[in-house]
Amino acid sequence: MDRDTIRTMLRDMLRARAFEEAAAQAYAQGEIAGFLHLYPGEEAVAVGVLHAAEPGDYVVSTYREHVHALVRGIPAAAIFAELLGKKTGVSGGMGGSMHLFDRERRFLGGYAIVGETFPIALGAAYAVAYRQLPEAVLCFFGDGAVNQGTFHESLNMAALWRLPILFVCENNRYQIGTEIHRHSAVTEIYKRACGYGIPAEKVDGMDVLAVHEATRRALARVRAGEGPQFLEMETYRFRGHSMADPGSYRPTVEVQAYEANDPIAATLRGVEFHYPSADELGSGHDCIQGFCDHCCQEGHLDEAALARLRQEVADEIAAARDFARQSPAPSMDDAWAALLRNRRYDRLFEEQAP
Amino acid sequence: MTTMRYWQALNRALDAEMAEDDAVLLLGEDVGLYGGTYRVSEGLLAKYGEWRVRDTPISENSFTGLGVGAAMLGLRPVVEIMTINFALLAMDAIVNMAAKIPFMSGGQFPMPLTVRMPGGVARQLGAQHSQRLEAMFLGVPGLRIVVPATPQDAYWQLRQAIRSDDPILVLEHELLYFTEGEVDENLPAPPLHQAICRRAGTDLTCISYSRMVSVAEAAAEQLAKDGIAMEIIDLRSLNPVDWDRCMHSVEKTHRALILAEDPRFGGVSGELTATLQERCFYWLDAPIGRLAGLDIPTPFNGALEAASIPRVADVVTAAKALLSPDKER
């Protein structure tokens, strides 16, 4: 992989972490209301997958989708403004944290009902296949979603009609507070795809390079007309399910072990030449710390460059938050306009009653 | 002008829209090779191929959701749900997805999705297959609902629904599929949601929709023999409702009778009555009358089934009672 791609991926992982931590802070300070589901710990998945995709591909995501949107190129400011319900938000303040949509960037939404991403992706892929276009559809979902009926219904139809979908399971091992061994009879999720004849693979979701490589190969098969493909990304969320959830059902030792495997740290480990300290060796594997280390070790960047990168990211996210704060709120007229926009060409009744 | 059956009119409408726009496609159980359980898509698979006339597995939520996703990319899917009773399995796709996405995206995504489904009390299909669930969809902002009563309306309302960028439910009635009527395929059709006066009258206004319009028409014939002129307004649409035409009629007759096939409690008739009462109170010479289905699952027994929804005699009695304000109703 070329150095620019690696650096861009590292930057996006750092942006993702910084964005979510800023969102958590804004929530704690009362600027964000409602539900807020954060992504720290899982960055290697969104970044690895989306950097292996083409700009023309469609993305369907869940309610934990800020980072997918960010990595897809939606400006941090437009996402942050949406979290604050502002008119300048990517969904005009009508969607909120769980419903980011961007037609131009083919971001088909965040869905807040578990299992909805499957049929949306199915429909998008049906349209692509019917029009014989080269795009693929990326369908994200969590381990909890695989027990919804739509998972089975949609995988069946996707395989039956050989639709161009890459199913990406972000297996963080918890459906809110229920651990996977308590919610699934078969906990190796990739095996479920076999029931529909869909090629499936389990991937270390804390390793952005492994995610990228697996995605690249799977998308090549999708584009070669081999039908849907399935990747199970083994990952972990450092925070609770949402800001309302302290995550206290998870053993501390488990959380610490995954934090030690931070995907960003893992990324950084390779970027600059760096002997891990005793503390680092003793800790687990945050994907970010890991990637930082990797990038340093491989000579893709050094400590100074990394510090610059972190500063740029911090500045970008701070600016996004300021923009969101200063943006105007939408009016009720804006809300009606969003609802009625699609009937603007329709004549509902004759103007004059008889 | 051609005489045809209701199902044929729907078939012609699909054919016309598919011929005109290759973004239009059909999806549903047995819509292709089998031709549709009520023959509505007969002949279309041979003409347009399997990518445009797609037989689906029995997976209502996901194939309706497929329609939603395809509509987001600009196709104009027409989803057939074999009966409205099965739409309960697709509520997530209809209510949480189709009705919400255009709005939640701040108006970015169109939703040119049409969902067709038959319903109503037919002939002894049992309680699970005889439901009238339109009221469930009334409380869902973002959905539009049309209820054609004649082959002419079936033809034009389906065509207009397909052309619209909003999600529209076309609620058909199982007993209407084999009724006949004149269809003019060249007419400038009335707007999709406009109510129509089916019969002019001066003594009272009967407001109804779908199959109950024909019950009202039969009752009006009988009432005419007793010198009572009942005007009939066919709503044609339940969301939005053409209140202006309803009010115009009530202003003239001063009496209104709402006639609906769905259950009375929490049904369509309640919403119609409440709003008309608010708007027409000072014109009314009597409280608005309301006839609807009994609040009971549909019995299988034929006689009980018939008695569970308004019949012609019930309409005649209700109309006469409305005209005799002194009489206890």
# chains A, B, ... in the order shown; residues from 1 in each chain; ligands from 1
$ residues_around --residues "range 98-100 of chain B" --least-positions-apart "2" --cutoff "6 Å" --atoms "only C-alpha atoms" --output "ChimeraX atom specification"
/B:68,94-96,102-104,142-143
$ write_last_selection --atoms "C-alpha atoms" --output "PDB file, in the first residue's frame"
ATOM      1  CA  VAL B  68     -37.670   1.922  -0.693  1.00  0.00           C
ATOM      2  CA  ILE B  94     -43.616   1.463   4.995  1.00  0.00           C
ATOM      3  CA  VAL B  95     -43.797   3.456   8.218  1.00  0.00           C
ATOM      4  CA  ASN B  96     -40.215   3.705   9.442  1.00  0.00           C
ATOM      5  CA  PRO B 102     -37.642  12.000   2.517  1.00  0.00           C
ATOM      6  CA  PHE B 103     -38.236  14.046   5.654  1.00  0.00           C
ATOM      7  CA  MET B 104     -35.325  12.840   7.801  1.00  0.00           C
ATOM      8  CA  GLY B 142     -45.454  11.316   4.986  1.00  0.00           C
ATOM      9  CA  LEU B 143     -47.688   8.670   3.430  1.00  0.00           C
TER      10      LEU B 143
END
$ closest_atom_pairs --of "chain A" --to "chain B" --cutoff "7 Å" --atoms "only C-alpha atoms" --output "CSV"
residue,atom,partner,partner_atom,distance
A:Ser91,CA,B:Gly106,CA,4.7
A:Gly92,CA,B:Gly106,CA,5.0
A:Met94,CA,B:Met104,CA,5.0
A:Gly95,CA,B:Met104,CA,4.4
A:His99,CA,B:Met104,CA,6.5
A:Leu100,CA,B:Ser105,CA,7.0
A:Phe101,CA,B:Ser105,CA,5.3
A:Arg103,CA,B:Gln108,CA,6.2
A:Pro119,CA,B:Gly65,CA,4.8
A:Ile120,CA,B:Gly69,CA,4.2
A:Ala121,CA,B:Gly69,CA,6.4
A:Leu122,CA,B:Leu66,CA,5.4
A:Gly123,CA,B:Leu66,CA,3.7
A:Ala124,CA,B:Ala70,CA,4.8
A:Tyr126,CA,B:Ala70,CA,6.5
A:Ala127,CA,B:Ala70,CA,5.3
A:Tyr130,CA,B:Trp51,CA,6.2
A:Thr150,CA,B:Ser62,CA,5.7
A:Glu153,CA,B:Ser59,CA,5.8
A:Ser154,CA,B:Ser62,CA,6.0
A:Ala338,CA,B:Gly107,CA,4.3
A:Leu339,CA,B:Phe103,CA,4.9
A:Arg341,CA,B:Gly107,CA,6.0
A:Asn342,CA,B:Asp165,CA,5.2
A:Arg343,CA,B:Asp166,CA,6.2
A:Asp346,CA,B:Ser164,CA,6.8
A:Arg347,CA,B:Pro191,CA,5.9
A:Leu348,CA,B:His193,CA,5.2
A:Phe349,CA,B:Gln194,CA,4.8
A:Glu350,CA,B:Pro191,CA,6.6
A:Ala353,CA,B:Arg245,CA,5.9
$ write_last_selection --atoms "N, CA and C atoms" --output "PDB file, in the first residue's frame"
ATOM      1  N   SER A  91     -28.537  16.832   7.201  1.00  0.00           N
ATOM      2  CA  SER A  91     -29.943  16.519   6.949  1.00  0.00           C
ATOM      3  C   SER A  91     -30.851  17.694   7.313  1.00  0.00           C
ATOM      4  N   GLY A  92     -30.274  18.877   7.335  1.00  0.00           N
ATOM      5  CA  GLY A  92     -31.071  20.079   7.570  1.00  0.00           C
ATOM      6  C   GLY A  92     -31.647  20.183   8.973  1.00  0.00           C
ATOM      7  N   MET A  94     -33.267  17.843  10.397  1.00  0.00           N
ATOM      8  CA  MET A  94     -34.468  17.006  10.482  1.00  0.00           C
ATOM      9  C   MET A  94     -34.128  15.549  10.852  1.00  0.00           C
ATOM     10  N   GLY A  95     -32.850  15.212  10.758  1.00  0.00           N
ATOM     11  CA  GLY A  95     -32.485  13.813  10.989  1.00  0.00           C
ATOM     12  C   GLY A  95     -31.898  13.574  12.373  1.00  0.00           C
ATOM     13  N   HIS A  99     -29.571   9.870  11.844  1.00  0.00           N
ATOM     14  CA  HIS A  99     -30.144   9.929  10.485  1.00  0.00           C
ATOM     15  C   HIS A  99     -29.381  10.915   9.605  1.00  0.00           C
ATOM     16  N   LEU A 100     -28.117  10.599   9.369  1.00  0.00           N
ATOM     17  CA  LEU A 100     -27.312  11.415   8.466  1.00  0.00           C
ATOM     18  C   LEU A 100     -27.550  10.904   7.048  1.00  0.00           C
ATOM     19  N   PHE A 101     -27.850  11.833   6.150  1.00  0.00           N
ATOM     20  CA  PHE A 101     -28.080  11.479   4.743  1.00  0.00           C
ATOM     21  C   PHE A 101     -27.305  12.459   3.872  1.00  0.00           C
ATOM     22  N   ARG A 103     -27.177  12.847  -0.273  1.00  0.00           N
ATOM     23  CA  ARG A 103     -27.485  12.340  -1.609  1.00  0.00           C
ATOM     24  C   ARG A 103     -26.283  12.457  -2.544  1.00  0.00           C
ATOM     25  N   PRO A 119     -32.534  -4.184   3.832  1.00  0.00           N
ATOM     26  CA  PRO A 119     -33.407  -3.940   2.679  1.00  0.00           C
ATOM     27  C   PRO A 119     -33.082  -2.665   1.902  1.00  0.00           C
ATOM     28  N   ILE A 120     -32.584  -1.648   2.587  1.00  0.00           N
ATOM     29  CA  ILE A 120     -32.211  -0.428   1.850  1.00  0.00           C
ATOM     30  C   ILE A 120     -31.069  -0.757   0.883  1.00  0.00           C
ATOM     31  N   ALA A 121     -30.069  -1.467   1.399  1.00  0.00           N
ATOM     32  CA  ALA A 121     -28.939  -1.859   0.546  1.00  0.00           C
ATOM     33  C   ALA A 121     -29.414  -2.766  -0.591  1.00  0.00           C
ATOM     34  N   LEU A 122     -30.350  -3.627  -0.271  1.00  0.00           N
ATOM     35  CA  LEU A 122     -30.894  -4.541  -1.277  1.00  0.00           C
ATOM     36  C   LEU A 122     -31.523  -3.745  -2.429  1.00  0.00           C
ATOM     37  N   GLY A 123     -32.302  -2.736  -2.061  1.00  0.00           N
ATOM     38  CA  GLY A 123     -32.974  -1.917  -3.080  1.00  0.00           C
ATOM     39  C   GLY A 123     -31.988  -1.105  -3.899  1.00  0.00           C
ATOM     40  N   ALA A 124     -30.996  -0.526  -3.215  1.00  0.00           N
ATOM     41  CA  ALA A 124     -29.989   0.256  -3.941  1.00  0.00           C
ATOM     42  C   ALA A 124     -29.240  -0.656  -4.908  1.00  0.00           C
ATOM     43  N   TYR A 126     -30.296  -3.438  -6.154  1.00  0.00           N
ATOM     44  CA  TYR A 126     -31.201  -3.859  -7.228  1.00  0.00           C
ATOM     45  C   TYR A 126     -31.210  -2.815  -8.344  1.00  0.00           C
ATOM     46  N   ALA A 127     -31.264  -1.544  -7.932  1.00  0.00           N
ATOM     47  CA  ALA A 127     -31.263  -0.460  -8.921  1.00  0.00           C
ATOM     48  C   ALA A 127     -29.957  -0.457  -9.715  1.00  0.00           C
ATOM     49  N   TYR A 130     -30.023  -3.510 -12.048  1.00  0.00           N
ATOM     50  CA  TYR A 130     -30.985  -3.321 -13.139  1.00  0.00           C
ATOM     51  C   TYR A 130     -30.438  -2.372 -14.207  1.00  0.00           C
ATOM     52  N   THR A 150     -35.004  -9.281   8.671  1.00  0.00           N
ATOM     53  CA  THR A 150     -34.518  -8.650   7.440  1.00  0.00           C
ATOM     54  C   THR A 150     -33.135  -9.152   7.047  1.00  0.00           C
ATOM     55  N   GLU A 153     -33.954 -12.424   5.230  1.00  0.00           N
ATOM     56  CA  GLU A 153     -34.726 -12.126   4.018  1.00  0.00           C
ATOM     57  C   GLU A 153     -33.840 -11.477   2.957  1.00  0.00           C
ATOM     58  N   SER A 154     -33.055 -10.506   3.411  1.00  0.00           N
ATOM     59  CA  SER A 154     -32.274  -9.722   2.448  1.00  0.00           C
ATOM     60  C   SER A 154     -31.059 -10.488   1.933  1.00  0.00           C
ATOM     61  N   ALA A 338     -39.304  20.248   3.958  1.00  0.00           N
ATOM     62  CA  ALA A 338     -38.670  18.925   3.816  1.00  0.00           C
ATOM     63  C   ALA A 338     -39.729  17.866   3.566  1.00  0.00           C
ATOM     64  N   LEU A 339     -40.857  17.978   4.265  1.00  0.00           N
ATOM     65  CA  LEU A 339     -41.910  16.976   4.125  1.00  0.00           C
ATOM     66  C   LEU A 339     -42.578  17.057   2.749  1.00  0.00           C
ATOM     67  N   ARG A 341     -41.522  18.550  -0.087  1.00  0.00           N
ATOM     68  CA  ARG A 341     -40.678  18.786  -1.263  1.00  0.00           C
ATOM     69  C   ARG A 341     -41.008  17.851  -2.423  1.00  0.00           C
ATOM     70  N   ASN A 342     -41.253  16.595  -2.104  1.00  0.00           N
ATOM     71  CA  ASN A 342     -41.458  15.626  -3.180  1.00  0.00           C
ATOM     72  C   ASN A 342     -42.818  15.729  -3.850  1.00  0.00           C
ATOM     73  N   ARG A 343     -43.720  16.527  -3.307  1.00  0.00           N
ATOM     74  CA  ARG A 343     -45.010  16.669  -3.982  1.00  0.00           C
ATOM     75  C   ARG A 343     -45.127  18.026  -4.673  1.00  0.00           C
ATOM     76  N   ASP A 346     -46.908  17.870  -7.878  1.00  0.00           N
ATOM     77  CA  ASP A 346     -48.210  17.188  -7.887  1.00  0.00           C
ATOM     78  C   ASP A 346     -49.341  18.188  -7.648  1.00  0.00           C
ATOM     79  N   ARG A 347     -50.428  17.975  -8.372  1.00  0.00           N
ATOM     80  CA  ARG A 347     -51.647  18.736  -8.108  1.00  0.00           C
ATOM     81  C   ARG A 347     -52.528  17.794  -7.300  1.00  0.00           C
ATOM     82  N   LEU A 348     -52.819  18.134  -6.076  1.00  0.00           N
ATOM     83  CA  LEU A 348     -53.567  17.219  -5.220  1.00  0.00           C
ATOM     84  C   LEU A 348     -55.068  17.317  -5.470  1.00  0.00           C
ATOM     85  N   PHE A 349     -55.567  18.578  -5.560  1.00  0.00           N
ATOM     86  CA  PHE A 349     -56.991  18.834  -5.802  1.00  0.00           C
ATOM     87  C   PHE A 349     -57.078  19.923  -6.868  1.00  0.00           C
ATOM     88  N   GLU A 350     -58.282  20.086  -7.433  1.00  0.00           N
ATOM     89  CA  GLU A 350     -58.520  21.282  -8.251  1.00  0.00           C
ATOM     90  C   GLU A 350     -58.422  22.485  -7.328  1.00  0.00           C
ATOM     91  N   ALA A 353     -63.004  24.631  -5.351  1.00  0.00           N
ATOM     92  CA  ALA A 353     -64.062  23.660  -5.102  1.00  0.00           C
ATOM     93  C   ALA A 353     -65.221  23.989  -6.044  1.00  0.00           C
TER      94      ALA A 353
END
$ residues_around --residues "Ala145 in chain A" --least-positions-apart "6" --cutoff "10 Å" --atoms "only C-alpha atoms" --output "list in words"
Thr62, Ile113, Val114, Gly115, Glu116, Thr117, Phe118, Phe151, Cys169, Glu170, Asn171 and Gln175 of chain A
$ select_by_dssp --residues "range 103-195 of chain B" --states "alpha helix (DSSP H)" --output "number ranges by chain"
B: 103-104, 134-138, 151-163
$ write_last_selection --atoms "C-alpha atoms" --output "compact mmCIF listing (two decimals), in the first residue's frame"
# COMPACT_ATOMS: atom_id res chain seq x y z
CA PHE B 103 -38.24 14.05 5.65
CA MET B 104 -35.32 12.84 7.80
CA GLU B 134 -56.40 1.92 6.37
CA ALA B 135 -56.73 3.73 9.70
CA MET B 136 -53.34 2.35 10.75
CA PHE B 137 -51.72 4.28 7.93
CA LEU B 138 -53.73 7.49 8.46
CA PRO B 151 -62.10 0.95 -12.87
CA GLN B 152 -61.73 4.50 -14.15
CA ASP B 153 -60.21 5.67 -10.89
CA ALA B 154 -58.15 2.51 -10.51
CA TYR B 155 -56.59 3.25 -13.89
CA TRP B 156 -55.82 6.91 -13.39
CA GLN B 157 -55.05 6.94 -9.70
CA LEU B 158 -52.50 4.15 -10.11
CA ARG B 159 -50.86 5.97 -13.00
CA GLN B 160 -50.71 9.21 -11.04
CA ALA B 161 -49.39 7.43 -7.96
CA ILE B 162 -46.54 5.90 -9.95
CA ARG B 163 -45.62 9.32 -11.33
$ atom_distance --atom1 "CA of Ala303 in chain B" --atom2 "CA of Ala219 in chain B"
19.5 Å
$ atom_distance --atom1 "CA of Tyr27 in chain A" --atom2 "CA of Val208 in chain A"
28.2 Å
$ closest_residue --among "B:Ala149, B:Leu276, B:Leu45, B:Leu238" --to "Trp7 in chain B" --atoms "only C-alpha atoms"
B:Ala149
$ select_by_dssp --residues "range 63-152 of chain B" --states "strand (DSSP E or B)" --output "PyMOL selection string"
chain B and resi 76-80+114-119+144-146
$ write_last_selection --atoms "C-alpha atoms" --output "short mmCIF file (atom, residue, chain, number, x, y, z; two decimals), in the first residue's frame"
data_model
loop_
_atom_site.label_atom_id
_atom_site.label_comp_id
_atom_site.auth_asym_id
_atom_site.auth_seq_id
_atom_site.Cartn_x
_atom_site.Cartn_y
_atom_site.Cartn_z
CA ARG B 76 -40.21 3.94 -9.48
CA PRO B 77 -41.01 0.61 -7.88
CA VAL B 78 -44.58 -0.62 -7.63
CA VAL B 79 -44.69 -3.11 -4.78
CA GLU B 80 -47.63 -5.46 -4.61
CA THR B 114 -46.14 2.89 -4.89
CA VAL B 115 -47.42 0.12 -2.66
CA ARG B 116 -50.57 -1.61 -3.94
CA MET B 117 -52.57 -3.89 -1.75
CA PRO B 118 -56.08 -5.30 -1.70
CA GLY B 119 -58.08 -5.50 1.47
CA ARG B 144 -50.40 9.39 0.90
CA ILE B 145 -53.30 6.97 0.59
CA VAL B 146 -55.72 6.52 -2.31
#
$ atom_distance --atom1 "CA of Arg5 in chain B" --atom2 "CA of Glu231 in chain B"
25.3 Å
$ residues_around --residues "Arg162 in chain A" --least-positions-apart "5" --cutoff "8 Å" --atoms "only C-alpha atoms" --output "PyMOL selection string"
chain A and resi 225-228
$ write_last_selection --atoms "C-alpha atoms" --output "mmCIF file, in the first residue's frame"
data_model
loop_
_atom_site.group_PDB
_atom_site.id
_atom_site.type_symbol
_atom_site.label_atom_id
_atom_site.label_comp_id
_atom_site.auth_asym_id
_atom_site.auth_seq_id
_atom_site.Cartn_x
_atom_site.Cartn_y
_atom_site.Cartn_z
ATOM 1 C CA GLY A 225 -20.216 -10.029 -10.876
ATOM 2 C CA GLU A 226 -19.759 -12.728 -8.256
ATOM 3 C CA GLY A 227 -22.683 -11.466 -6.219
ATOM 4 C CA PRO A 228 -22.832 -10.348 -2.604
#
$ residues_around --residues "Glu259 in chain A" --least-positions-apart "2" --cutoff "12 Å" --atoms "only C-alpha atoms" --output "ChimeraX atom specification"
/A:40-42,206,235-239,252-257,261-266,280,282-290
$ closest_residue --among "B:Arg54, B:Arg255, B:Arg123, B:Lys320" --to "Thr205 in chain B" --atoms "only C-alpha atoms"
B:Arg255
$ closest_residue --among "B:Thr150, B:Ser208, B:Gln128, B:Thr317" --to "Met4 in chain B" --atoms "only C-alpha atoms"
B:Thr150
$ residues_around --residues "Gly30 in chain A" --least-positions-apart "3" --cutoff "12 Å" --atoms "only C-alpha atoms" --output "list in words"
Ala23, Ala24, Gln25, Ala26, Tyr27, Ala33, Gly34, Leu36, Leu83, Leu84, Met243 and Arg325 of chain A
$ write_last_selection --atoms "C-alpha atoms" --output "compact mmCIF listing (two decimals), in the first residue's frame"
# COMPACT_ATOMS: atom_id res chain seq x y z
CA ALA A 23 -19.40 14.98 20.33
CA ALA A 24 -19.24 13.26 23.72
CA GLN A 25 -18.05 16.49 25.27
CA ALA A 26 -20.80 18.49 23.58
CA TYR A 27 -23.33 15.98 24.83
CA ALA A 33 -29.73 16.09 23.07
CA GLY A 34 -31.33 12.76 22.31
CA LEU A 36 -25.73 9.66 20.76
CA LEU A 83 -25.95 16.54 15.87
CA LEU A 84 -26.99 19.95 17.19
CA MET A 243 -24.16 8.28 26.03
CA ARG A 325 -22.78 26.13 17.52
$ closest_residue --among "B:Leu89, B:Leu169, B:Ala321, B:Val183" --to "Arg12 in chain B" --atoms "only C-alpha atoms"
B:Val183
